[in-house]
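Enquirer: File protein.tsv follows (TSV, N, CA, C and O atoms):
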```tsv
chain	number	residue	atom	x	y	z
W	1	MET	N	7.39	15.49	-2.56
W	1	MET	CA	6.82	14.18	-2.83
W	1	MET	C	7.10	13.26	-1.65
W	1	MET	O	8.22	13.16	-1.18
W	2	VAL	N	6.06	12.60	-1.17
W	2	VAL	CA	6.16	11.63	-0.08
W	2	VAL	C	5.95	10.25	-0.66
W	2	VAL	O	5.03	10.04	-1.46
W	3	GLN	N	6.82	9.31	-0.27
W	3	GLN	CA	6.70	7.93	-0.74
W	3	GLN	C	6.55	7.02	0.47
W	3	GLN	O	7.02	7.33	1.56
W	4	ALA	N	5.88	5.88	0.26
W	4	ALA	CA	5.70	4.93	1.35
W	4	ALA	C	5.54	3.53	0.79
W	4	ALA	O	5.13	3.34	-0.37
W	5	TYR	N	5.88	2.57	1.64
W	5	TYR	CA	5.54	1.18	1.38
W	5	TYR	C	4.32	0.86	2.23
W	5	TYR	O	4.27	1.24	3.41
W	6	ILE	N	3.35	0.20	1.64
W	6	ILE	CA	2.14	-0.20	2.37
W	6	ILE	C	2.15	-1.72	2.40
W	6	ILE	O	2.10	-2.37	1.35
W	7	LEU	N	2.24	-2.27	3.61
W	7	LEU	CA	2.24	-3.71	3.79
W	7	LEU	C	0.80	-4.15	4.00
W	7	LEU	O	0.10	-3.60	4.85
W	8	VAL	N	0.36	-5.13	3.23
W	8	VAL	CA	-1.06	-5.49	3.19
W	8	VAL	C	-1.24	-6.96	3.55
W	8	VAL	O	-0.58	-7.82	2.98
W	9	GLN	N	-2.15	-7.22	4.48
W	9	GLN	CA	-2.60	-8.58	4.75
W	9	GLN	C	-3.96	-8.75	4.11
W	9	GLN	O	-4.79	-7.83	4.15
W	10	THR	N	-4.16	-9.93	3.52
W	10	THR	CA	-5.42	-10.18	2.82
W	10	THR	C	-6.09	-11.44	3.37
W	10	THR	O	-5.49	-12.23	4.09
W	11	GLU	N	-7.33	-11.62	2.98
W	11	GLU	CA	-8.01	-12.87	3.25
W	11	GLU	C	-7.29	-13.97	2.48
W	11	GLU	O	-6.66	-13.71	1.45
W	12	VAL	N	-7.39	-15.20	2.96
W	12	VAL	CA	-6.73	-16.33	2.32
W	12	VAL	C	-7.16	-16.45	0.86
W	12	VAL	O	-8.35	-16.38	0.54
W	13	GLY	N	-6.17	-16.56	-0.03
W	13	GLY	CA	-6.45	-16.74	-1.45
W	13	GLY	C	-6.78	-15.48	-2.22
W	13	GLY	O	-7.09	-15.55	-3.41
W	14	LYS	N	-6.69	-14.31	-1.58
W	14	LYS	CA	-7.09	-13.06	-2.23
W	14	LYS	C	-5.91	-12.18	-2.65
W	14	LYS	O	-6.12	-11.13	-3.24
W	15	ALA	N	-4.67	-12.58	-2.37
W	15	ALA	CA	-3.52	-11.70	-2.59
W	15	ALA	C	-3.40	-11.24	-4.04
W	15	ALA	O	-3.19	-10.05	-4.30
W	16	ALA	N	-3.52	-12.14	-5.00
W	16	ALA	CA	-3.35	-11.77	-6.40
W	16	ALA	C	-4.41	-10.76	-6.84
W	16	ALA	O	-4.10	-9.77	-7.52
W	17	ALA	N	-5.65	-11.01	-6.47
W	17	ALA	CA	-6.73	-10.09	-6.86
W	17	ALA	C	-6.57	-8.74	-6.18
W	17	ALA	O	-6.79	-7.69	-6.82
W	18	VAL	N	-6.16	-8.73	-4.92
W	18	VAL	CA	-5.95	-7.48	-4.20
W	18	VAL	C	-4.83	-6.69	-4.86
W	18	VAL	O	-4.95	-5.49	-5.11
W	19	ALA	N	-3.70	-7.34	-5.15
W	19	ALA	CA	-2.57	-6.65	-5.78
W	19	ALA	C	-2.97	-6.08	-7.13
W	19	ALA	O	-2.60	-4.95	-7.47
W	20	ALA	N	-3.72	-6.84	-7.91
W	20	ALA	CA	-4.15	-6.37	-9.23
W	20	ALA	C	-5.04	-5.14	-9.11
W	20	ALA	O	-4.87	-4.17	-9.86
W	21	GLU	N	-5.97	-5.15	-8.17
W	21	GLU	CA	-6.86	-4.00	-8.02
W	21	GLU	C	-6.12	-2.78	-7.48
W	21	GLU	O	-6.31	-1.66	-7.96
W	22	ILE	N	-5.24	-2.98	-6.50
W	22	ILE	CA	-4.49	-1.86	-5.94
W	22	ILE	C	-3.61	-1.22	-7.01
W	22	ILE	O	-3.44	-0.01	-7.03
W	23	SER	N	-3.05	-2.02	-7.90
W	23	SER	CA	-2.14	-1.48	-8.91
W	23	SER	C	-2.82	-0.50	-9.86
W	23	SER	O	-2.14	0.27	-10.54
W	24	THR	N	-4.15	-0.49	-9.89
W	24	THR	CA	-4.88	0.45	-10.77
W	24	THR	C	-5.15	1.80	-10.11
W	24	THR	O	-5.64	2.71	-10.75
W	25	ILE	N	-4.84	1.94	-8.83
W	25	ILE	CA	-5.12	3.17	-8.09
W	25	ILE	C	-4.06	4.23	-8.41
W	25	ILE	O	-2.87	3.95	-8.38
W	26	ALA	N	-4.52	5.44	-8.71
W	26	ALA	CA	-3.60	6.54	-8.98
W	26	ALA	C	-2.75	6.81	-7.75
W	26	ALA	O	-3.26	6.85	-6.62
W	27	GLY	N	-1.44	6.95	-7.95
W	27	GLY	CA	-0.52	7.16	-6.85
W	27	GLY	C	0.21	5.89	-6.45
W	27	GLY	O	1.21	5.96	-5.75
W	28	VAL	N	-0.29	4.74	-6.90
W	28	VAL	CA	0.38	3.48	-6.62
W	28	VAL	C	1.43	3.25	-7.70
W	28	VAL	O	1.12	3.23	-8.89
W	29	VAL	N	2.67	3.09	-7.28
W	29	VAL	CA	3.78	2.85	-8.20
W	29	VAL	C	3.89	1.37	-8.54
W	29	VAL	O	4.11	1.00	-9.68
W	30	SER	N	3.70	0.51	-7.53
W	30	SER	CA	3.74	-0.93	-7.75
W	30	SER	C	2.98	-1.64	-6.65
W	30	SER	O	2.83	-1.11	-5.54
W	31	ALA	N	2.50	-2.84	-6.95
W	31	ALA	CA	1.83	-3.71	-5.98
W	31	ALA	C	2.25	-5.13	-6.31
W	31	ALA	O	1.96	-5.62	-7.39
W	32	GLU	N	2.94	-5.77	-5.38
W	32	GLU	CA	3.52	-7.08	-5.62
W	32	GLU	C	3.03	-8.09	-4.59
W	32	GLU	O	2.97	-7.79	-3.39
W	33	ASP	N	2.71	-9.31	-5.05
W	33	ASP	CA	2.41	-10.42	-4.14
W	33	ASP	C	3.73	-10.86	-3.51
W	33	ASP	O	4.74	-10.95	-4.21
W	34	VAL	N	3.71	-11.12	-2.21
W	34	VAL	CA	4.91	-11.59	-1.51
W	34	VAL	C	4.52	-12.71	-0.55
W	34	VAL	O	3.34	-12.95	-0.30
W	35	THR	N	5.53	-13.39	-0.01
W	35	THR	CA	5.29	-14.38	1.03
W	35	THR	C	5.76	-13.82	2.36
W	35	THR	O	6.52	-12.85	2.40
W	36	GLY	N	5.30	-14.42	3.43
W	36	GLY	CA	5.68	-13.94	4.76
W	36	GLY	C	4.47	-13.44	5.50
W	36	GLY	O	3.33	-13.78	5.17
W	37	PRO	N	4.67	-12.59	6.51
W	37	PRO	CA	3.54	-12.12	7.32
W	37	PRO	C	2.59	-11.19	6.55
W	37	PRO	O	1.46	-10.99	6.97
W	38	TYR	N	3.06	-10.62	5.46
W	38	TYR	CA	2.20	-9.78	4.61
W	38	TYR	C	2.03	-10.47	3.27
W	38	TYR	O	2.89	-11.25	2.84
W	39	ASP	N	0.93	-10.16	2.58
W	39	ASP	CA	0.60	-10.82	1.33
W	39	ASP	C	0.90	-9.97	0.10
W	39	ASP	O	1.14	-10.48	-0.98
W	40	VAL	N	0.86	-8.65	0.28
W	40	VAL	CA	1.09	-7.71	-0.81
W	40	VAL	C	1.92	-6.55	-0.25
W	40	VAL	O	1.66	-6.10	0.86
W	41	ILE	N	2.90	-6.11	-1.03
W	41	ILE	CA	3.63	-4.89	-0.68
W	41	ILE	C	3.40	-3.88	-1.79
W	41	ILE	O	3.60	-4.18	-2.97
W	42	VAL	N	2.98	-2.69	-1.38
W	42	VAL	CA	2.63	-1.63	-2.31
W	42	VAL	C	3.63	-0.49	-2.13
W	42	VAL	O	3.97	-0.13	-1.01
W	43	ARG	N	4.08	0.09	-3.23
W	43	ARG	CA	4.85	1.33	-3.18
W	43	ARG	C	3.95	2.42	-3.72
W	43	ARG	O	3.40	2.30	-4.82
W	44	ALA	N	3.79	3.48	-2.93
W	44	ALA	CA	2.89	4.57	-3.31
W	44	ALA	C	3.58	5.90	-3.11
W	44	ALA	O	4.54	6.02	-2.35
W	45	GLU	N	3.06	6.92	-3.80
W	45	GLU	CA	3.59	8.26	-3.64
W	45	GLU	C	2.47	9.28	-3.75
W	45	GLU	O	1.46	9.05	-4.40
W	46	ALA	N	2.68	10.41	-3.06
W	46	ALA	CA	1.71	11.50	-3.07
W	46	ALA	C	2.47	12.80	-2.84
W	46	ALA	O	3.63	12.78	-2.42
W	47	ASP	N	1.81	13.91	-3.09
W	47	ASP	CA	2.46	15.21	-2.95
W	47	ASP	C	2.79	15.57	-1.50
W	47	ASP	O	3.75	16.28	-1.25
W	48	ASP	N	1.96	15.10	-0.54
W	48	ASP	CA	2.25	15.38	0.86
W	48	ASP	C	1.67	14.26	1.73
W	48	ASP	O	0.98	13.36	1.24
W	49	VAL	N	1.95	14.32	3.02
W	49	VAL	CA	1.54	13.27	3.95
W	49	VAL	C	0.02	13.15	4.02
W	49	VAL	O	-0.52	12.04	4.10
W	50	ASP	N	-0.68	14.26	3.99
W	50	ASP	CA	-2.14	14.22	4.05
W	50	ASP	C	-2.72	13.48	2.85
W	50	ASP	O	-3.63	12.65	3.00
W	51	LEU	N	-2.20	13.77	1.67
W	51	LEU	CA	-2.69	13.08	0.47
W	51	LEU	C	-2.32	11.60	0.50
W	51	LEU	O	-3.10	10.76	0.04
W	52	LEU	N	-1.17	11.28	1.05
W	52	LEU	CA	-0.79	9.87	1.19
W	52	LEU	C	-1.77	9.17	2.12
W	52	LEU	O	-2.24	8.06	1.82
W	53	GLY	N	-2.11	9.80	3.23
W	53	GLY	CA	-3.08	9.22	4.15
W	53	GLY	C	-4.43	9.00	3.50
W	53	GLY	O	-5.08	7.97	3.70
W	54	GLN	N	-4.86	9.97	2.70
W	54	GLN	CA	-6.13	9.83	1.99
W	54	GLN	C	-6.07	8.67	1.00
W	54	GLN	O	-7.04	7.92	0.85
W	55	LEU	N	-4.94	8.53	0.32
W	55	LEU	CA	-4.75	7.42	-0.63
W	55	LEU	C	-4.90	6.08	0.09
W	55	LEU	O	-5.62	5.19	-0.37
W	56	VAL	N	-4.26	5.96	1.24
W	56	VAL	CA	-4.29	4.69	1.97
W	56	VAL	C	-5.69	4.43	2.53
W	56	VAL	O	-6.26	3.35	2.32
W	57	VAL	N	-6.25	5.39	3.24
W	57	VAL	CA	-7.51	5.16	3.93
W	57	VAL	C	-8.70	5.10	2.96
W	57	VAL	O	-9.53	4.21	3.06
W	58	ALA	N	-8.78	6.04	2.04
W	58	ALA	CA	-9.95	6.13	1.17
W	58	ALA	C	-9.92	5.16	0.01
W	58	ALA	O	-10.97	4.74	-0.48
W	59	GLN	N	-8.72	4.79	-0.45
W	59	GLN	CA	-8.67	3.97	-1.66
W	59	GLN	C	-8.09	2.58	-1.41
W	59	GLN	O	-8.75	1.58	-1.69
W	60	VAL	N	-6.89	2.50	-0.89
W	60	VAL	CA	-6.27	1.18	-0.71
W	60	VAL	C	-7.07	0.34	0.27
W	60	VAL	O	-7.41	-0.81	-0.02
W	61	GLN	N	-7.39	0.89	1.44
W	61	GLN	CA	-8.11	0.10	2.43
W	61	GLN	C	-9.54	-0.26	2.00
W	61	GLN	O	-10.15	-1.15	2.58
W	62	GLY	N	-10.02	0.39	0.97
W	62	GLY	CA	-11.36	0.08	0.46
W	62	GLY	C	-11.40	-1.11	-0.48
W	62	GLY	O	-12.48	-1.55	-0.87
W	63	VAL	N	-10.24	-1.64	-0.83
W	63	VAL	CA	-10.20	-2.79	-1.74
W	63	VAL	C	-10.71	-4.02	-1.01
W	63	VAL	O	-10.28	-4.34	0.11
W	64	SER	N	-11.62	-4.74	-1.64
W	64	SER	CA	-12.20	-5.94	-1.06
W	64	SER	C	-11.14	-7.02	-0.87
W	64	SER	O	-10.31	-7.25	-1.75
W	65	GLY	N	-11.16	-7.65	0.28
W	65	GLY	CA	-10.22	-8.74	0.57
W	65	GLY	C	-9.07	-8.34	1.48
W	65	GLY	O	-8.33	-9.19	1.95
W	66	ILE	N	-8.93	-7.04	1.77
W	66	ILE	CA	-7.87	-6.59	2.67
W	66	ILE	C	-8.35	-6.70	4.11
W	66	ILE	O	-9.46	-6.31	4.44
W	67	THR	N	-7.49	-7.26	4.97
W	67	THR	CA	-7.82	-7.35	6.39
W	67	THR	C	-7.04	-6.36	7.24
W	67	THR	O	-7.50	-5.97	8.30
W	68	ARG	N	-5.83	-5.96	6.78
W	68	ARG	CA	-5.00	-5.03	7.57
W	68	ARG	C	-3.95	-4.40	6.69
W	68	ARG	O	-3.45	-5.04	5.76
W	69	THR	N	-3.60	-3.15	7.00
W	69	THR	CA	-2.48	-2.49	6.31
W	69	THR	C	-1.55	-1.86	7.33
W	69	THR	O	-1.95	-1.54	8.45
W	70	LEU	N	-0.30	-1.70	6.93
W	70	LEU	CA	0.71	-1.00	7.72
W	70	LEU	C	1.45	-0.09	6.75
W	70	LEU	O	2.06	-0.59	5.79
W	71	THR	N	1.41	1.21	6.97
W	71	THR	CA	2.05	2.17	6.08
W	71	THR	C	3.40	2.58	6.65
W	71	THR	O	3.50	2.99	7.80
W	72	CYS	N	4.44	2.45	5.81
W	72	CYS	CA	5.81	2.75	6.21
W	72	CYS	C	6.35	3.85	5.31
W	72	CYS	O	6.79	3.58	4.18
W	73	PRO	N	6.32	5.12	5.76
W	73	PRO	CA	6.84	6.20	4.93
W	73	PRO	C	8.35	6.05	4.70
W	73	PRO	O	9.08	5.61	5.58
W	74	VAL	N	8.78	6.42	3.52
W	74	VAL	CA	10.21	6.40	3.17
W	74	VAL	C	10.84	7.65	3.74
W	74	VAL	O	10.30	8.75	3.60
W	75	VAL	N	11.99	7.49	4.40
W	75	VAL	CA	12.75	8.62	4.91
W	75	VAL	C	14.10	8.65	4.21
W	75	VAL	O	14.62	7.61	3.81
W	76	HIS	N	14.65	9.83	4.06
W	76	HIS	CA	15.95	9.98	3.40
W	76	HIS	C	16.95	10.45	4.44
W	76	HIS	O	16.94	11.61	4.85
W	77	LEU	N	17.78	9.53	4.91
W	77	LEU	CA	18.78	9.84	5.93
W	77	LEU	C	20.08	10.22	5.24
W	77	LEU	O	20.58	9.49	4.40
W	78	SER	N	20.63	11.35	5.61
W	78	SER	CA	21.86	11.81	4.99
W	78	SER	C	23.05	11.52	5.87
W	78	SER	O	23.02	11.58	7.02
```
Output the structure of this file as structure tokens.
Expert:
Amino acid sequence: MVQAYILVQTEVGKAAAVAAEISTIAGVVSAEDVTGPYDVIVRAEADDVDLLGQLVVAQVQGVSGITRTLTCPVVHLS
């Protein structure tokens, strides 16, 4: 299982609607409105890196109102 945080910038005034729509996508664990340089932070998971990439590119980035995303895979340092 691969997990990642997806940092999302949205058009002005669109953060709540973007977070609500993203939260309905399979593989998305949570989508929260935040303040700062990003408007929404998403936690997502997939079986492998390729499926995670497909989730981000084909589904998350297709949500209306998104201007930019940054995907940060979770690593487990021992």
Enquirer: Report as a PDB file with N, CA, C and O atoms, in the coordinates of the input all protein, DNA and RNA residues lying within 4.5 Å of Val8 in chain W, evaluated on all atoms listed in the file, omitting residues in the same chain fewer than 3 positions from it.
Expert:
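Done, and the output landed in selection-v4.pdb:
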```
ATOM      1  N   TYR W  38       3.060 -10.620   5.460  1.00  0.00           N
ATOM      2  CA  TYR W  38       2.200  -9.780   4.610  1.00  0.00           C
ATOM      3  C   TYR W  38       2.030 -10.470   3.270  1.00  0.00           C
ATOM      4  O   TYR W  38       2.890 -11.250   2.840  1.00  0.00           O
ATOM      5  N   ASP W  39       0.930 -10.160   2.580  1.00  0.00           N
ATOM      6  CA  ASP W  39       0.600 -10.820   1.330  1.00  0.00           C
ATOM      7  C   ASP W  39       0.900  -9.970   0.100  1.00  0.00           C
ATOM      8  O   ASP W  39       1.140 -10.480  -0.980  1.00  0.00           O
ATOM      9  N   VAL W  40       0.860  -8.650   0.280  1.00  0.00           N
ATOM     10  CA  VAL W  40       1.090  -7.710  -0.810  1.00  0.00           C
ATOM     11  C   VAL W  40       1.920  -6.550  -0.250  1.00  0.00           C
ATOM     12  O   VAL W  40       1.660  -6.100   0.860  1.00  0.00           O
ATOM     13  N   ARG W  68      -5.830  -5.960   6.780  1.00  0.00           N
ATOM     14  CA  ARG W  68      -5.000  -5.030   7.570  1.00  0.00           C
ATOM     15  C   ARG W  68      -3.950  -4.400   6.690  1.00  0.00           C
ATOM     16  O   ARG W  68      -3.450  -5.040   5.760  1.00  0.00           O
TER      17      ARG W  68
END
```
Enquirer: May I ask for the distance between atom O of Val63 in chain W and atom C of Val2 in chain W, given in Å to one decimal place?
Expert: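 Spanning atom O of Val63 in chain W to atom C of Val2 in chain W is a straight-line distance of 21.8 Å.
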Enquirer: Using only N, CA, C and O atoms, can you tell me which of W:Gln59, W:Thr10, W:Ser23, W:Ser78 comes closest to Arg43 in chain W?
Expert: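 Answer, going by the shortest atom-to-atom distance: W:Ser23.
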Enquirer: Rounded to one decimal, what separation in Å do you get between atom O of Val60 in chain W and atom N of His76 in chain W?
Expert: 24.8 Å
Enquirer: At most 7 Å from (-4.9, -7.1, 6.4), file frame, all atoms listed in the file: which residues, as a list in words?
Expert: Leu7, Val8, Gln9, Thr10, Glu11, Gly65, Ile66, Thr67, Arg68 and Thr69 of chain W
Enquirer: Would you mind exporting the chosen residues as a PDB file, keeping the file's coordinate frame, restricted to N, CA, C and O atoms?
Expert:
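Result written to again-v6.pdb:
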```pdb
ATOM      1  N   LEU W   7       2.240  -2.270   3.610  1.00  0.00           N
ATOM      2  CA  LEU W   7       2.240  -3.710   3.790  1.00  0.00           C
ATOM      3  C   LEU W   7       0.800  -4.150   4.000  1.00  0.00           C
ATOM      4  O   LEU W   7       0.100  -3.600   4.850  1.00  0.00           O
ATOM      5  N   VAL W   8       0.360  -5.130   3.230  1.00  0.00           N
ATOM      6  CA  VAL W   8      -1.060  -5.490   3.190  1.00  0.00           C
ATOM      7  C   VAL W   8      -1.240  -6.960   3.550  1.00  0.00           C
ATOM      8  O   VAL W   8      -0.580  -7.820   2.980  1.00  0.00           O
ATOM      9  N   GLN W   9      -2.150  -7.220   4.480  1.00  0.00           N
ATOM     10  CA  GLN W   9      -2.600  -8.580   4.750  1.00  0.00           C
ATOM     11  C   GLN W   9      -3.960  -8.750   4.110  1.00  0.00           C
ATOM     12  O   GLN W   9      -4.790  -7.830   4.150  1.00  0.00           O
ATOM     13  N   THR W  10      -4.160  -9.930   3.520  1.00  0.00           N
ATOM     14  CA  THR W  10      -5.420 -10.180   2.820  1.00  0.00           C
ATOM     15  C   THR W  10      -6.090 -11.440   3.370  1.00  0.00           C
ATOM     16  O   THR W  10      -5.490 -12.230   4.090  1.00  0.00           O
ATOM     17  N   GLU W  11      -7.330 -11.620   2.980  1.00  0.00           N
ATOM     18  CA  GLU W  11      -8.010 -12.870   3.250  1.00  0.00           C
ATOM     19  C   GLU W  11      -7.290 -13.970   2.480  1.00  0.00           C
ATOM     20  O   GLU W  11      -6.660 -13.710   1.450  1.00  0.00           O
ATOM     21  N   GLY W  65     -11.160  -7.650   0.280  1.00  0.00           N
ATOM     22  CA  GLY W  65     -10.220  -8.740   0.570  1.00  0.00           C
ATOM     23  C   GLY W  65      -9.070  -8.340   1.480  1.00  0.00           C
ATOM     24  O   GLY W  65      -8.330  -9.190   1.950  1.00  0.00           O
ATOM     25  N   ILE W  66      -8.930  -7.040   1.770  1.00  0.00           N
ATOM     26  CA  ILE W  66      -7.870  -6.590   2.670  1.00  0.00           C
ATOM     27  C   ILE W  66      -8.350  -6.700   4.110  1.00  0.00           C
ATOM     28  O   ILE W  66      -9.460  -6.310   4.440  1.00  0.00           O
ATOM     29  N   THR W  67      -7.490  -7.260   4.970  1.00  0.00           N
ATOM     30  CA  THR W  67      -7.820  -7.350   6.390  1.00  0.00           C
ATOM     31  C   THR W  67      -7.040  -6.360   7.240  1.00  0.00           C
ATOM     32  O   THR W  67      -7.500  -5.970   8.300  1.00  0.00           O
ATOM     33  N   ARG W  68      -5.830  -5.960   6.780  1.00  0.00           N
ATOM     34  CA  ARG W  68      -5.000  -5.030   7.570  1.00  0.00           C
ATOM     35  C   ARG W  68      -3.950  -4.400   6.690  1.00  0.00           C
ATOM     36  O   ARG W  68      -3.450  -5.040   5.760  1.00  0.00           O
ATOM     37  N   THR W  69      -3.600  -3.150   7.000  1.00  0.00           N
ATOM     38  CA  THR W  69      -2.480  -2.490   6.310  1.00  0.00           C
ATOM     39  C   THR W  69      -1.550  -1.860   7.330  1.00  0.00           C
ATOM     40  O   THR W  69      -1.950  -1.540   8.450  1.00  0.00           O
TER      41      THR W  69
END
```
Enquirer: To one decimal place in Å, what is the distance between CA of Gly62 in chain W and CA of Ala26 in chain W?
Expert: 13.8 Å
Enquirer: Taking only N, CA, C and O atoms into account, which of W:Val75, W:Ala44, W:Val49, W:Val57 comes nearest Ala4 in chain W?
Expert: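 Of the candidates, the smallest distance to Ala4 in chain W is held by W:Ala44.
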Enquirer: Using all atoms listed in the file, which protein or nucleic acid residues come within 6 Å of Ala19 in chain W? Drop anything in the same chain fewer than 6 positions from it, and give the result as a PDB file with N, CA, C and O atoms, in the coordinates of the input.
Expert:
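Result written to around23.pdb:
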```pdb
ATOM      1  N   ALA W  31       2.500  -2.840  -6.950  1.00  0.00           N
ATOM      2  CA  ALA W  31       1.830  -3.710  -5.980  1.00  0.00           C
ATOM      3  C   ALA W  31       2.250  -5.130  -6.310  1.00  0.00           C
ATOM      4  O   ALA W  31       1.960  -5.620  -7.390  1.00  0.00           O
ATOM      5  N   GLU W  32       2.940  -5.770  -5.380  1.00  0.00           N
ATOM      6  CA  GLU W  32       3.520  -7.080  -5.620  1.00  0.00           C
ATOM      7  C   GLU W  32       3.030  -8.090  -4.590  1.00  0.00           C
ATOM      8  O   GLU W  32       2.970  -7.790  -3.390  1.00  0.00           O
ATOM      9  N   ASP W  33       2.710  -9.310  -5.050  1.00  0.00           N
ATOM     10  CA  ASP W  33       2.410 -10.420  -4.140  1.00  0.00           C
ATOM     11  C   ASP W  33       3.730 -10.860  -3.510  1.00  0.00           C
ATOM     12  O   ASP W  33       4.740 -10.950  -4.210  1.00  0.00           O
TER      13      ASP W  33
END
```
Enquirer: Identify which of the residues W:Val18, W:Pro37, W:Cys72, W:Gly27 lies closest to Leu51 in chain W, counting only C-alpha atoms when measuring atom-to-atom distances.
Expert: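 Looking at the shortest contact to Leu51 in chain W, the residue is W:Gly27.
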Enquirer: For Tyr5 in chain W, please output as an NGL selection string all residues within 4.5 Å (counting only N, CA, C and O atoms; exclusion window: fewer than 5 positions along the same chain).
Expert: :W and (42 or 70-72)
Enquirer: Draw an axis-aligned box over all listed atoms of range 16-22 of chain W, pad each side with 3 Å, and write its centre and edge lengths in Å, one decimal, as AutoDock Vina command-line options.
Expert:
```
--center_x -4.7 --center_y -6.1 --center_z -7.0 --size_x 10.3 --size_y 18.1 --size_z 11.7
```
Enquirer: From the options W:Pro73, W:Glu21, W:Lys14, W:Gln61, which residue's atoms come nearest to Glu45 in chain W, counting only C-alpha atoms?
Expert: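 That would be W:Pro73, the residue with the smallest distance to Glu45 in chain W.
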